[in-house]
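Here is the structure we will look at, set down as structure tokens.
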Amino acid sequence: MHRVIVDCAMYRGGRRVPGPEDFSEALAQARATGDAYLWIGLYEPTAAEFDLVTSEFGLHPLSVEDALKAHQRPKLEAYDDSLFLVLKTIVYDEEAAGISSGELMVFLGDAFVVTVRHGEGNPLTEVRSRLEGHPEVLRHGPGAVMYAVSDAVVDQYVLVADQLQMDLEELEAAVFAPRGNSDVGSVAARIYAFKRQVLEFRRATAPLLEPMQRLSGGVTPFIDPAARPYLRDVSDHLTRANDHVDGLDRLLSDILGANLAQMGVQQNDDMRKISAWAAMIAIPTMIAGIYGMNFRHMPELDQVWGYPLALAAMAVACLGLHRFFKRRGWL
């Protein structure tokens with residue numbers, strides 16, 4: 001268990017206090033005092049490693065199954081002995097210029113909080129340190145931990161949305177910049193790849209709005225009423241993040257439409273050029289075809305100037321068509 005337990009601490013009156021190293025004894029002591037609670041942080045536990053936590057804290061089997069399997073949709077489940085909150089973490093990868101996602105589960109009950117993290121995103125060490133610097137928040141009980149964890153995740157949403165906004169502005173500039181035919185398909189591929197990132201982002205933010213509204217507005221078990229204003233602040237930040245994601249998606253759809261329109265215009269321009277060149281080639285082809293017919297009686301066959309005249313007629317016709325198409329913008 002020491003491999004997966006990132007930290008285990010007891011809090012009383014908003015302060016971290018010494019407690020037994022064994023979390024079973026620490027939980028019993030926290031419940032005995034009545035004004036303390038335990039916060040255990042786990043990282044990608046296996047089923048065997050999580051069995052002891054499940055039995056000691058009385059976690060619901062369905063929530064335990066979700067915590068172990070991961071790949072869950074953000075949600076809030078209320079059981080008789082605990083609350084279960086699922087958060088999807090989003091991290092911006094600067095090297096790949098894209099996002100990666102993970103998951104964070106929070107079990108909250110009588111005198112305990114258990115956090116289970118999957119993926120590298122949003123480590124909770126900084127969250128714990130920052131929260132321990134605000135005892136006025138910590139003293140509101142396990143609900144304060146749920147607030148701090150969800151607040152850190154939602155703040156990361158805002159940062160990632162800002163990064164995606166900058167990437168989208170660069171993509172928009174690339175769409176409307178002059179480019180050759182070879183770049184049209186590559187820009188379209190970038191747009192579709194970016195749209196998939198925005199979709200992944202939306203899967204994290206949109207489903208979380210209803211659970212945060214329940215936590216901040218209604219009567220939720222194991223949540224101190226004094227902690228609800230903090231949770232409402234998280235809900236407000238999440239609403240802004242959702243609005244930002246919606247704006248990114250709409251703008252991306254507009255950029256995609258503009259790129260497709262540009263591709264259509266480019267194809268029409270290419271077809272005009274092909275048609276113009278085909279028309280110019282058709283004139284000498286027609287003349288050469290006429291004089292290539294093997295009839296005995298044809299005009300100009302016995303004339304010395306017949307062959308140069310035919311070539312001159314081809315050249316004049318082609319030059320005339322070229323000037324005409326040039327003025328029309330087809331070439």
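The way I read the labels, and the way they are meant: chains A, B, ... in the order of the structure tokens, residue 1 as the first residue of every chain, and ligand 1 as the first ligand shown, with later ones counted on from there.
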Members of stretch 111-141 of chain A assigned alpha helix (DSSP H) by DSSP, as a list in words
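Reading the DSSP output for stretch 111-141 of chain A, alpha helix (DSSP H) covers Thr125, Glu126, Val127, Arg128, Ser129, Arg130, Leu131, Glu132, Pro135, Glu136, Val137 and Leu138 of chain A.
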Looking only at strand (DSSP E) from DSSP on the backbone, list the matching residues of stretch 114-328 of chain A as a PyMOL selection string.
chain A and resi 114-118
Excluding stretch 194-197 of chain A and its own-chain neighbours fewer than 3 positions away, which residues fall within 9 Å of it when counting only C-alpha atoms? Please give them as a list in words.
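Returned residues: Gly98, Ile99, Ser100, Leu164, Asp167, Leu168, Ala189, Arg190, Ile191, Glu200, Phe201, Arg202, Asp249, Leu252 and Ser253 of chain A.
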Residues within 12 Å of A:Asp22, please, as a list in words. Count only C-alpha atoms; anything in the same chain fewer than 3 positions from it doesn't count.
Met1, His2, Ile5, Asp7, Cys8, Ala9, Met10, Pro18, Gly19, Glu25, Ala26, Leu27, Ala28, Gln29, Leu38, Ile40, Leu52, Val53 and Glu56 of chain A
Compile the contact shell of A:Val153 as a ChimeraX atom specification: residues with an atom at most 10 Å away, counting only C-alpha atoms, same-chain residues fewer than 2 positions apart removed.
/A:87-91,104,121-124,127,147-151,155-158,205,234,238
Skipping near chain neighbours, those fewer than 2 positions away, what residues fall within 9 Å of A:Pro142 using only C-alpha atoms, listed as a PyMOL selection string?
chain A and resi 37-39+108-113+138-140+144-147+222-224
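The smallest atom-to-atom distance between A:Val116 and any of A:Gln165, A:Ser63, A:Ser101, A:Ser55, using only C-alpha atoms, is found for A:Ser63.
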